[in-house]
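Student: Input file: run.pdb. Contents: PDB, C-alpha atoms, pLDDT in the B column.
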ATOM      1  CA  MET Q   1     -24.166   0.575   6.277  1.00 81.00           C
ATOM      2  CA  LYS Q   2     -26.916  -1.589   7.741  1.00 87.00           C
ATOM      3  CA  PRO Q   3     -26.837  -2.514  11.426  1.00 93.00           C
ATOM      4  CA  PHE Q   4     -25.670  -6.059  12.214  1.00 95.00           C
ATOM      5  CA  LYS Q   5     -28.564  -7.845  13.891  1.00 96.00           C
ATOM      6  CA  PHE Q   6     -27.934 -10.624  16.366  1.00 97.00           C
ATOM      7  CA  LYS Q   7     -30.640 -12.645  18.129  1.00 97.00           C
ATOM      8  CA  GLN Q   8     -30.714 -10.488  21.273  1.00 97.00           C
ATOM      9  CA  PHE Q   9     -29.022  -7.224  20.250  1.00 97.00           C
ATOM     10  CA  THR Q  10     -28.180  -5.027  17.287  1.00 96.00           C
ATOM     11  CA  VAL Q  11     -24.790  -3.502  16.504  1.00 96.00           C
ATOM     12  CA  ASN Q  12     -24.337  -0.346  14.458  1.00 96.00           C
ATOM     13  CA  GLN Q  13     -20.883  -0.240  12.887  1.00 94.00           C
ATOM     14  CA  ASP Q  14     -20.920   2.565  10.319  1.00 93.00           C
ATOM     15  CA  ARG Q  15     -18.481   4.662  12.402  1.00 90.00           C
ATOM     16  CA  CYS Q  16     -16.041   1.852  13.237  1.00 88.00           C
ATOM     17  CA  ALA Q  17     -12.929   1.186  11.190  1.00 79.00           C
ATOM     18  CA  MET Q  18     -13.044  -2.514  11.994  1.00 77.00           C
ATOM     19  CA  LYS Q  19     -16.406  -4.086  11.223  1.00 84.00           C
ATOM     20  CA  ILE Q  20     -17.851  -7.167  12.875  1.00 91.00           C
ATOM     21  CA  GLY Q  21     -16.021 -10.265  11.697  1.00 88.00           C
ATOM     22  CA  THR Q  22     -15.783 -13.935  12.517  1.00 93.00           C
ATOM     23  CA  ASP Q  23     -12.870 -13.486  14.950  1.00 94.00           C
ATOM     24  CA  GLY Q  24     -14.684 -11.295  17.463  1.00 95.00           C
ATOM     25  CA  VAL Q  25     -17.881 -13.345  17.444  1.00 97.00           C
ATOM     26  CA  LEU Q  26     -15.915 -16.583  17.758  1.00 97.00           C
ATOM     27  CA  LEU Q  27     -13.975 -15.310  20.756  1.00 98.00           C
ATOM     28  CA  GLY Q  28     -17.079 -13.861  22.412  1.00 98.00           C
ATOM     29  CA  ALA Q  29     -18.871 -17.199  22.089  1.00 98.00           C
ATOM     30  CA  TRP Q  30     -15.874 -19.413  22.966  1.00 98.00           C
ATOM     31  CA  VAL Q  31     -14.526 -17.755  26.103  1.00 98.00           C
ATOM     32  CA  PRO Q  32     -15.645 -19.626  29.242  1.00 97.00           C
ATOM     33  CA  ILE Q  33     -17.795 -17.470  31.536  1.00 97.00           C
ATOM     34  CA  ASP Q  34     -19.080 -19.110  34.705  1.00 95.00           C
ATOM     35  CA  ASP Q  35     -20.920 -17.770  37.741  1.00 95.00           C
ATOM     36  CA  SER Q  36     -17.680 -16.825  39.494  1.00 95.00           C
ATOM     37  CA  VAL Q  37     -17.013 -14.120  36.879  1.00 98.00           C
ATOM     38  CA  ASN Q  38     -18.319 -10.842  38.258  1.00 98.00           C
ATOM     39  CA  SER Q  39     -16.192  -8.339  36.310  1.00 98.00           C
ATOM     40  CA  ILE Q  40     -15.184  -8.395  32.636  1.00 98.00           C
ATOM     41  CA  LEU Q  41     -13.058  -6.064  30.487  1.00 98.00           C
ATOM     42  CA  ASP Q  42     -13.150  -6.097  26.677  1.00 97.00           C
ATOM     43  CA  ILE Q  43      -9.883  -4.542  25.452  1.00 95.00           C
ATOM     44  CA  GLY Q  44     -10.171  -2.736  22.106  1.00 93.00           C
ATOM     45  CA  THR Q  45     -13.914  -3.171  21.932  1.00 95.00           C
ATOM     46  CA  GLY Q  46     -14.537  -1.596  18.505  1.00 93.00           C
ATOM     47  CA  THR Q  47     -18.277  -1.933  17.921  1.00 95.00           C
ATOM     48  CA  GLY Q  48     -18.726  -3.384  21.409  1.00 97.00           C
ATOM     49  CA  VAL Q  49     -19.781  -6.799  20.118  1.00 97.00           C
ATOM     50  CA  ILE Q  50     -17.687  -8.940  22.505  1.00 98.00           C
ATOM     51  CA  ALA Q  51     -18.840  -6.960  25.554  1.00 98.00           C
ATOM     52  CA  LEU Q  52     -22.457  -7.300  24.374  1.00 98.00           C
ATOM     53  CA  MET Q  53     -22.028 -11.049  23.946  1.00 98.00           C
ATOM     54  CA  ALA Q  54     -20.564 -11.267  27.457  1.00 98.00           C
ATOM     55  CA  ALA Q  55     -23.581  -9.373  28.793  1.00 98.00           C
ATOM     56  CA  GLN Q  56     -25.954 -11.786  27.043  1.00 98.00           C
ATOM     57  CA  ARG Q  57     -24.049 -14.821  28.329  1.00 98.00           C
ATOM     58  CA  SER Q  58     -23.476 -13.836  31.952  1.00 97.00           C
ATOM     59  CA  GLU Q  59     -24.800 -12.170  35.072  1.00 96.00           C
ATOM     60  CA  ALA Q  60     -21.534 -10.296  35.629  1.00 98.00           C
ATOM     61  CA  GLU Q  61     -22.306  -6.976  37.331  1.00 97.00           C
ATOM     62  CA  ILE Q  62     -19.423  -5.102  35.718  1.00 97.00           C
ATOM     63  CA  ILE Q  63     -18.771  -5.365  31.986  1.00 98.00           C
ATOM     64  CA  ASP Q  64     -16.325  -2.675  30.961  1.00 98.00           C
ATOM     65  CA  ALA Q  65     -14.894  -1.992  27.532  1.00 98.00           C
ATOM     66  CA  LEU Q  66     -11.934   0.038  26.325  1.00 95.00           C
ATOM     67  CA  GLU Q  67     -11.547   1.811  22.982  1.00 94.00           C
ATOM     68  CA  ILE Q  68      -8.896   4.300  21.846  1.00 90.00           C
ATOM     69  CA  ASP Q  69     -10.599   5.506  18.638  1.00 90.00           C
ATOM     70  CA  THR Q  70     -13.116   8.318  19.219  1.00 93.00           C
ATOM     71  CA  GLU Q  71     -15.632   7.282  16.562  1.00 93.00           C
ATOM     72  CA  ALA Q  72     -15.594   3.631  17.604  1.00 92.00           C
ATOM     73  CA  TYR Q  73     -15.827   4.593  21.289  1.00 95.00           C
ATOM     74  CA  GLU Q  74     -18.931   6.717  20.653  1.00 97.00           C
ATOM     75  CA  GLN Q  75     -20.506   3.968  18.574  1.00 96.00           C
ATOM     76  CA  ALA Q  76     -19.821   1.328  21.230  1.00 97.00           C
ATOM     77  CA  VAL Q  77     -21.457   3.562  23.853  1.00 98.00           C
ATOM     78  CA  ASP Q  78     -24.533   3.938  21.625  1.00 97.00           C
ATOM     79  CA  ASN Q  79     -24.670   0.186  21.031  1.00 98.00           C
ATOM     80  CA  PHE Q  80     -24.426  -0.484  24.764  1.00 98.00           C
ATOM     81  CA  GLU Q  81     -27.192   2.015  25.582  1.00 98.00           C
ATOM     82  CA  SER Q  82     -29.457   0.506  22.915  1.00 97.00           C
ATOM     83  CA  SER Q  83     -29.105  -3.000  24.360  1.00 98.00           C
ATOM     84  CA  ASP Q  84     -31.003  -4.684  27.184  1.00 97.00           C
ATOM     85  CA  TRP Q  85     -27.886  -4.582  29.367  1.00 98.00           C
ATOM     86  CA  GLY Q  86     -26.977  -0.889  29.295  1.00 97.00           C
ATOM     87  CA  ASP Q  87     -26.890  -0.730  33.110  1.00 97.00           C
ATOM     88  CA  ARG Q  88     -24.012  -3.253  33.217  1.00 97.00           C
ATOM     89  CA  LEU Q  89     -21.990  -2.026  30.227  1.00 98.00           C
ATOM     90  CA  PHE Q  90     -19.532   0.867  30.351  1.00 98.00           C
ATOM     91  CA  CYS Q  91     -16.937   2.013  27.825  1.00 98.00           C
ATOM     92  CA  TYR Q  92     -13.730   3.901  28.610  1.00 97.00           C
ATOM     93  CA  HIS Q  93     -12.165   6.148  25.964  1.00 96.00           C
ATOM     94  CA  ALA Q  94      -8.423   5.622  26.436  1.00 92.00           C
ATOM     95  CA  SER Q  95      -5.431   3.646  25.288  1.00 89.00           C
ATOM     96  CA  PHE Q  96      -4.771   0.362  27.047  1.00 90.00           C
ATOM     97  CA  GLN Q  97      -1.450   1.704  28.354  1.00 89.00           C
ATOM     98  CA  GLU Q  98      -3.221   4.713  29.949  1.00 91.00           C
ATOM     99  CA  PHE Q  99      -5.917   2.473  31.370  1.00 94.00           C
ATOM    100  CA  VAL Q 100      -3.439   0.093  33.016  1.00 93.00           C
ATOM    101  CA  ASP Q 101      -1.580   3.010  34.614  1.00 93.00           C
ATOM    102  CA  GLU Q 102      -4.699   4.681  36.015  1.00 94.00           C
ATOM    103  CA  ILE Q 103      -7.168   1.941  36.933  1.00 90.00           C
ATOM    104  CA  GLU Q 104      -6.775   0.086  40.206  1.00 91.00           C
ATOM    105  CA  ASP Q 105      -9.690  -2.279  39.665  1.00 90.00           C
ATOM    106  CA  LYS Q 106      -9.077  -5.971  39.041  1.00 97.00           C
ATOM    107  CA  TYR Q 107     -11.105  -8.061  36.611  1.00 98.00           C
ATOM    108  CA  ASP Q 108     -12.096 -11.715  36.681  1.00 98.00           C
ATOM    109  CA  LEU Q 109     -11.990 -11.933  32.892  1.00 98.00           C
ATOM    110  CA  LEU Q 110     -10.157  -9.954  30.219  1.00 98.00           C
ATOM    111  CA  ILE Q 111     -11.086 -10.513  26.565  1.00 98.00           C
ATOM    112  CA  SER Q 112      -9.329  -9.076  23.538  1.00 96.00           C
ATOM    113  CA  ASN Q 113      -9.483  -9.453  19.780  1.00 94.00           C
ATOM    114  CA  PRO Q 114      -6.307  -7.382  19.351  1.00 84.00           C
ATOM    115  CA  PRO Q 115      -4.961  -5.675  16.235  1.00 68.00           C
ATOM    116  CA  PHE Q 116      -2.461  -8.039  14.683  1.00 53.00           C
ATOM    117  CA  TYR Q 117      -1.421  -6.995  11.212  1.00 45.00           C
ATOM    118  CA  THR Q 118       2.345  -6.778  11.510  1.00 44.00           C
ATOM    119  CA  GLU Q 119       3.111  -6.481   7.795  1.00 47.00           C
ATOM    120  CA  ASN Q 120       5.054  -3.408   6.751  1.00 46.00           C
ATOM    121  CA  TYR Q 121       2.327  -1.612   4.906  1.00 45.00           C
ATOM    122  CA  LYS Q 122      -0.174   1.052   5.843  1.00 51.00           C
ATOM    123  CA  THR Q 123      -3.218   2.371   4.068  1.00 56.00           C
ATOM    124  CA  SER Q 124      -4.311   5.979   3.726  1.00 61.00           C
ATOM    125  CA  ASP Q 125      -7.031   5.335   6.335  1.00 65.00           C
ATOM    126  CA  VAL Q 126      -5.343   6.151   9.654  1.00 61.00           C
ATOM    127  CA  GLN Q 127      -8.358   5.097  11.723  1.00 63.00           C
ATOM    128  CA  ARG Q 128      -8.427   1.663  10.125  1.00 56.00           C
ATOM    129  CA  ASP Q 129      -4.663   1.303  10.456  1.00 54.00           C
ATOM    130  CA  ILE Q 130      -4.834   1.941  14.211  1.00 50.00           C
ATOM    131  CA  ALA Q 131      -7.566  -0.658  14.538  1.00 48.00           C
ATOM    132  CA  ARG Q 132      -5.707  -3.214  12.422  1.00 47.00           C
ATOM    133  CA  PHE Q 133      -2.022  -2.806  13.122  1.00 43.00           C
ATOM    134  CA  GLN Q 134      -0.291  -4.389  16.047  1.00 44.00           C
ATOM    135  CA  ASP Q 135       1.944  -1.379  16.698  1.00 49.00           C
ATOM    136  CA  ALA Q 136      -1.038   0.372  18.327  1.00 55.00           C
ATOM    137  CA  LEU Q 137      -1.042  -2.347  21.000  1.00 61.00           C
ATOM    138  CA  PRO Q 138       1.873  -4.825  20.786  1.00 79.00           C
ATOM    139  CA  PHE Q 139       1.256  -8.284  22.233  1.00 86.00           C
ATOM    140  CA  ASP Q 140       3.795  -7.798  25.009  1.00 87.00           C
ATOM    141  CA  HIS Q 141       2.086  -4.570  26.161  1.00 87.00           C
ATOM    142  CA  LEU Q 142      -1.273  -6.322  26.062  1.00 92.00           C
ATOM    143  CA  ILE Q 143      -0.191  -9.371  28.045  1.00 93.00           C
ATOM    144  CA  VAL Q 144       1.918  -7.535  30.629  1.00 92.00           C
ATOM    145  CA  GLY Q 145      -0.846  -4.958  31.145  1.00 94.00           C
ATOM    146  CA  ALA Q 146      -3.450  -7.699  31.413  1.00 94.00           C
ATOM    147  CA  SER Q 147      -1.467  -9.421  34.149  1.00 95.00           C
ATOM    148  CA  ARG Q 148      -1.739  -6.240  36.214  1.00 95.00           C
ATOM    149  CA  LEU Q 149      -5.504  -6.018  35.760  1.00 97.00           C
ATOM    150  CA  LEU Q 150      -6.402  -9.644  36.504  1.00 98.00           C
ATOM    151  CA  SER Q 151      -7.743 -10.814  39.838  1.00 97.00           C
ATOM    152  CA  ASP Q 152      -5.871 -13.739  41.453  1.00 94.00           C
ATOM    153  CA  HIS Q 153      -8.084 -16.286  39.709  1.00 95.00           C
ATOM    154  CA  GLY Q 154      -8.685 -14.117  36.657  1.00 97.00           C
ATOM    155  CA  LEU Q 155      -8.443 -15.298  33.064  1.00 98.00           C
ATOM    156  CA  LEU Q 156      -7.265 -13.651  29.833  1.00 98.00           C
ATOM    157  CA  ALA Q 157      -8.820 -14.718  26.506  1.00 98.00           C
ATOM    158  CA  LEU Q 158      -7.273 -13.762  23.145  1.00 97.00           C
ATOM    159  CA  ILE Q 159      -7.698 -14.583  19.475  1.00 96.00           C
ATOM    160  CA  ILE Q 160      -4.491 -14.241  17.462  1.00 94.00           C
ATOM    161  CA  PRO Q 161      -2.944 -15.485  14.214  1.00 92.00           C
ATOM    162  CA  TYR Q 162      -1.835 -19.098  14.627  1.00 95.00           C
ATOM    163  CA  LYS Q 163       1.699 -18.149  13.543  1.00 93.00           C
ATOM    164  CA  GLU Q 164       1.963 -15.931  16.665  1.00 92.00           C
ATOM    165  CA  GLU Q 165       0.794 -18.617  19.114  1.00 95.00           C
ATOM    166  CA  GLU Q 166       4.209 -19.788  20.280  1.00 95.00           C
ATOM    167  CA  ARG Q 167       5.518 -16.228  20.760  1.00 92.00           C
ATOM    168  CA  VAL Q 168       2.461 -15.108  22.729  1.00 94.00           C
ATOM    169  CA  ILE Q 169       2.642 -18.161  25.014  1.00 96.00           C
ATOM    170  CA  GLU Q 170       6.324 -17.392  25.617  1.00 94.00           C
ATOM    171  CA  ILE Q 171       5.596 -13.735  26.493  1.00 94.00           C
ATOM    172  CA  ALA Q 172       2.850 -14.830  28.889  1.00 95.00           C
ATOM    173  CA  ALA Q 173       5.051 -17.447  30.593  1.00 96.00           C
ATOM    174  CA  ASN Q 174       7.565 -14.720  31.472  1.00 94.00           C
ATOM    175  CA  ILE Q 175       4.960 -13.097  33.718  1.00 94.00           C
ATOM    176  CA  ASN Q 176       3.496 -16.349  35.062  1.00 95.00           C
ATOM    177  CA  LEU Q 177       0.469 -16.558  32.802  1.00 97.00           C
ATOM    178  CA  PHE Q 178      -0.076 -20.037  31.411  1.00 97.00           C
ATOM    179  CA  PRO Q 179      -2.414 -21.411  28.730  1.00 98.00           C
ATOM    180  CA  LYS Q 180      -5.351 -23.325  30.156  1.00 97.00           C
ATOM    181  CA  LYS Q 181      -7.100 -23.853  26.841  1.00 98.00           C
ATOM    182  CA  ILE Q 182      -6.105 -23.488  23.182  1.00 98.00           C
ATOM    183  CA  THR Q 183      -8.522 -23.814  20.279  1.00 98.00           C
ATOM    184  CA  ARG Q 184      -7.034 -23.662  16.789  1.00 98.00           C
ATOM    185  CA  VAL Q 185      -9.378 -22.453  14.065  1.00 98.00           C
ATOM    186  CA  LYS Q 186      -9.523 -23.606  10.443  1.00 97.00           C
ATOM    187  CA  GLY Q 187     -11.806 -22.259   7.723  1.00 97.00           C
ATOM    188  CA  ASN Q 188     -12.501 -25.736   6.325  1.00 97.00           C
ATOM    189  CA  PRO Q 189     -11.168 -29.284   6.843  1.00 97.00           C
ATOM    190  CA  THR Q 190      -8.348 -28.946   4.285  1.00 96.00           C
ATOM    191  CA  SER Q 191      -7.246 -25.346   4.967  1.00 97.00           C
ATOM    192  CA  GLU Q 192      -4.343 -24.338   7.177  1.00 97.00           C
ATOM    193  CA  ILE Q 193      -4.907 -23.325  10.789  1.00 97.00           C
ATOM    194  CA  LYS Q 194      -5.577 -19.586  10.679  1.00 95.00           C
ATOM    195  CA  ARG Q 195      -6.286 -18.477  14.256  1.00 96.00           C
ATOM    196  CA  SER Q 196      -5.583 -19.537  17.814  1.00 97.00           C
ATOM    197  CA  MET Q 197      -7.943 -18.773  20.683  1.00 98.00           C
ATOM    198  CA  LEU Q 198      -6.000 -18.794  23.931  1.00 98.00           C
ATOM    199  CA  LEU Q 199      -7.173 -18.772  27.545  1.00 98.00           C
ATOM    200  CA  PHE Q 200      -4.510 -17.837  30.120  1.00 98.00           C
ATOM    201  CA  GLY Q 201      -4.480 -17.991  33.901  1.00 97.00           C
ATOM    202  CA  PHE Q 202      -1.905 -17.650  36.684  1.00 96.00           C
ATOM    203  CA  ASN Q 203      -2.044 -21.319  37.700  1.00 91.00           C
ATOM    204  CA  GLN Q 204       0.042 -23.721  35.669  1.00 88.00           C
ATOM    205  CA  ALA Q 205      -2.120 -26.660  34.617  1.00 84.00           C
ATOM    206  CA  ASN Q 206      -2.517 -29.121  31.796  1.00 93.00           C
ATOM    207  CA  THR Q 207      -3.480 -27.277  28.641  1.00 97.00           C
ATOM    208  CA  LYS Q 208      -6.623 -28.449  26.866  1.00 97.00           C
ATOM    209  CA  ILE Q 209      -5.986 -28.236  23.113  1.00 98.00           C
ATOM    210  CA  ASP Q 210      -8.613 -28.714  20.419  1.00 98.00           C
ATOM    211  CA  GLU Q 211      -9.497 -27.616  16.908  1.00 98.00           C
ATOM    212  CA  LEU Q 212     -12.532 -25.855  15.429  1.00 98.00           C
ATOM    213  CA  VAL Q 213     -13.428 -26.082  11.739  1.00 98.00           C
ATOM    214  CA  ILE Q 214     -15.886 -23.394  10.589  1.00 97.00           C
ATOM    215  CA  GLU Q 215     -17.217 -24.811   7.306  1.00 97.00           C
ATOM    216  CA  ASN Q 216     -17.326 -28.236   5.667  1.00 96.00           C
ATOM    217  CA  SER Q 217     -17.860 -26.423   2.365  1.00 92.00           C
ATOM    218  CA  ARG Q 218     -18.960 -22.917   1.343  1.00 90.00           C
ATOM    219  CA  HIS Q 219     -21.758 -21.812   3.751  1.00 88.00           C
ATOM    220  CA  GLN Q 220     -22.120 -25.388   5.028  1.00 95.00           C
ATOM    221  CA  TYR Q 221     -21.163 -24.795   8.628  1.00 96.00           C
ATOM    222  CA  THR Q 222     -19.902 -27.540  10.920  1.00 97.00           C
ATOM    223  CA  ASN Q 223     -21.986 -28.627  13.908  1.00 97.00           C
ATOM    224  CA  PRO Q 224     -19.383 -27.447  16.462  1.00 98.00           C
ATOM    225  CA  TYR Q 225     -19.362 -23.968  14.869  1.00 97.00           C
ATOM    226  CA  ILE Q 226     -23.169 -23.853  14.778  1.00 97.00           C
ATOM    227  CA  ASN Q 227     -23.382 -24.951  18.417  1.00 97.00           C
ATOM    228  CA  LEU Q 228     -20.870 -22.285  19.426  1.00 97.00           C
ATOM    229  CA  THR Q 229     -22.568 -19.367  17.650  1.00 97.00           C
ATOM    230  CA  LYS Q 230     -26.266 -20.311  17.471  1.00 97.00           C
ATOM    231  CA  ASP Q 231     -27.239 -18.144  20.469  1.00 97.00           C
ATOM    232  CA  PHE Q 232     -26.044 -15.093  18.537  1.00 97.00           C
ATOM    233  CA  TYR Q 233     -26.304 -15.377  14.759  1.00 96.00           C
ATOM    234  CA  LEU Q 234     -29.833 -15.028  13.389  1.00 93.00           C
ATOM    235  CA  LYS Q 235     -29.428 -17.727  10.773  1.00 87.00           C
ATOM    236  CA  MET Q 236     -27.814 -20.398  12.943  1.00 84.00           C
TER
END
Go ahead and render the structure in this file as structure tokens.
Tutor:
Amino acid sequence: MKPFKFKQFTVNQDRCAMKIGTDGVLLGAWVPIDDSVNSILDIGTGTGVIALMAAQRSEAEIIDALEIDTEAYEQAVDNFESSDWGDRLFCYHASFQEFVDEIEDKYDLLISNPPFYTENYKTSDVQRDIARFQDALPFDHLIVGASRLLSDHGLLALIIPYKEEERVIEIAANINLFPKKITRVKGNPTSEIKRSMLLFGFNQANTKIDELVIENSRHQYTNPYINLTKDFYLKM
């Protein structure tokens, strides 16, 4: 499989069960990162693409990533070392539950494109199933664990299926995490909303809600989508 080339870095993904897709790149481009963010954790990093995007977009000194799958972990490490930001990127090989129990550090920003296939089927590819299926990291484990890793002013950014939005907001509210921003994603102007990108923080505030449409028609991308991803995709 060919490497995926972005404008400022290249990602090898031949050893990862979950390849680079729109969700991860969208989240990595959408999440707000300002100068106050000094430490970032990418939960379930896969190829490492979101952590690499965070490194390109910020001056954060600490950009950590977490990956449970051995092959994906090793590939993420290689991708980090091959980039211009290898001195700021570090990947842990552990489950999120283990990480939360053992790490005392706090992060200013947590980002996750979590596994979220909850249907009752599995494939014969165990590695891909772990990457895809929510039972490897249920939303409640993710959100409760994240609340323990966030600094006082820290933020948690997720991309999830739109149908799970209400449930995830409810789980977060139980531990005093509240949505600051919600962007709902549609493939084209007439399609149903497919994804929700959510930004949570500990302070309850008015939630900014908007919508992002990816394409007007096949391969005719909308200006908001182009503006969001043009620093990364070669052909934008």
Student: For Leu199 in chain Q, which residue out of Q:His219, Q:Leu41, Q:Ser58, Q:Leu27 is the nearest one, using all atoms listed in the file?
Tutor: Q:Leu27
Student: May I ask which of the residues Q:Thr229, Q:Asn188, Q:Asn12, Q:Asn38 is the closest one to Tyr73 in chain Q, counting all atoms listed in the file?
Tutor: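 Closest candidate: Q:Asn12.
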Student: Counting all atoms listed in the file, which residue out of Q:Asp152, Q:Glu74, Q:Glu170, Q:Asp42 sits closest to Asn203 in chain Q?
Tutor: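 Comparing Q:Asp152, Q:Glu74, Q:Glu170, Q:Asp42 against Asn203 in chain Q, the winner is Q:Asp152.
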Student: Between Q:Phe4, Q:Glu71, Q:Gly187, Q:Gln204, which has the minimum distance to Arg218 in chain Q (counting only C-alpha atoms)?
Tutor: Q:Gly187
Student: Evaluating the PyMOL selection byres ((chain Q and resi 140) around 10) on the displayed file yields which residues, as a list in words?
Tutor: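 On this input, the PyMOL selection byres ((chain Q and resi 140) around 10) captures Leu137, Pro138, Phe139, His141, Leu142, Ile143, Val144, Gly145, Ala146, Arg167, Val168, Glu170, Ile171 and Ala172 of chain Q.
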Student: Write the residues of the preceding selection, restricted to C-alpha atoms, as an mmCIF file, in the coordinates of the input.
Tutor:
data_model
loop_
_atom_site.group_PDB
_atom_site.id
_atom_site.type_symbol
_atom_site.label_atom_id
_atom_site.label_comp_id
_atom_site.auth_asym_id
_atom_site.auth_seq_id
_atom_site.Cartn_x
_atom_site.Cartn_y
_atom_site.Cartn_z
ATOM 1 C CA LEU Q 137 -1.042 -2.347 21.000
ATOM 2 C CA PRO Q 138 1.873 -4.825 20.786
ATOM 3 C CA PHE Q 139 1.256 -8.284 22.233
ATOM 4 C CA HIS Q 141 2.086 -4.570 26.161
ATOM 5 C CA LEU Q 142 -1.273 -6.322 26.062
ATOM 6 C CA ILE Q 143 -0.191 -9.371 28.045
ATOM 7 C CA VAL Q 144 1.918 -7.535 30.629
ATOM 8 C CA GLY Q 145 -0.846 -4.958 31.145
ATOM 9 C CA ALA Q 146 -3.450 -7.699 31.413
ATOM 10 C CA ARG Q 167 5.518 -16.228 20.760
ATOM 11 C CA VAL Q 168 2.461 -15.108 22.729
ATOM 12 C CA GLU Q 170 6.324 -17.392 25.617
ATOM 13 C CA ILE Q 171 5.596 -13.735 26.493
ATOM 14 C CA ALA Q 172 2.850 -14.830 28.889
#
Student: Decode the PyMOL selection byres ((chain Q and resi 20) around 9) for the given file into explicit residues and return them as a list in words.
Tutor: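 Applying the PyMOL selection byres ((chain Q and resi 20) around 9) to the structure shown produces Phe4, Val11, Gln13, Met18, Lys19, Gly21, Thr22, Asp23, Gly24, Val25, Gly46, Thr47 and Val49 of chain Q.
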Student: Here's the selection I'm unsure about, the PyMOL selection byres ((chain Q and resi 105) around 9); applied to the file above, which residues does it give, as an MDAnalysis selection string?
Tutor: chainID Q and resid 103:104 106:107 149:151
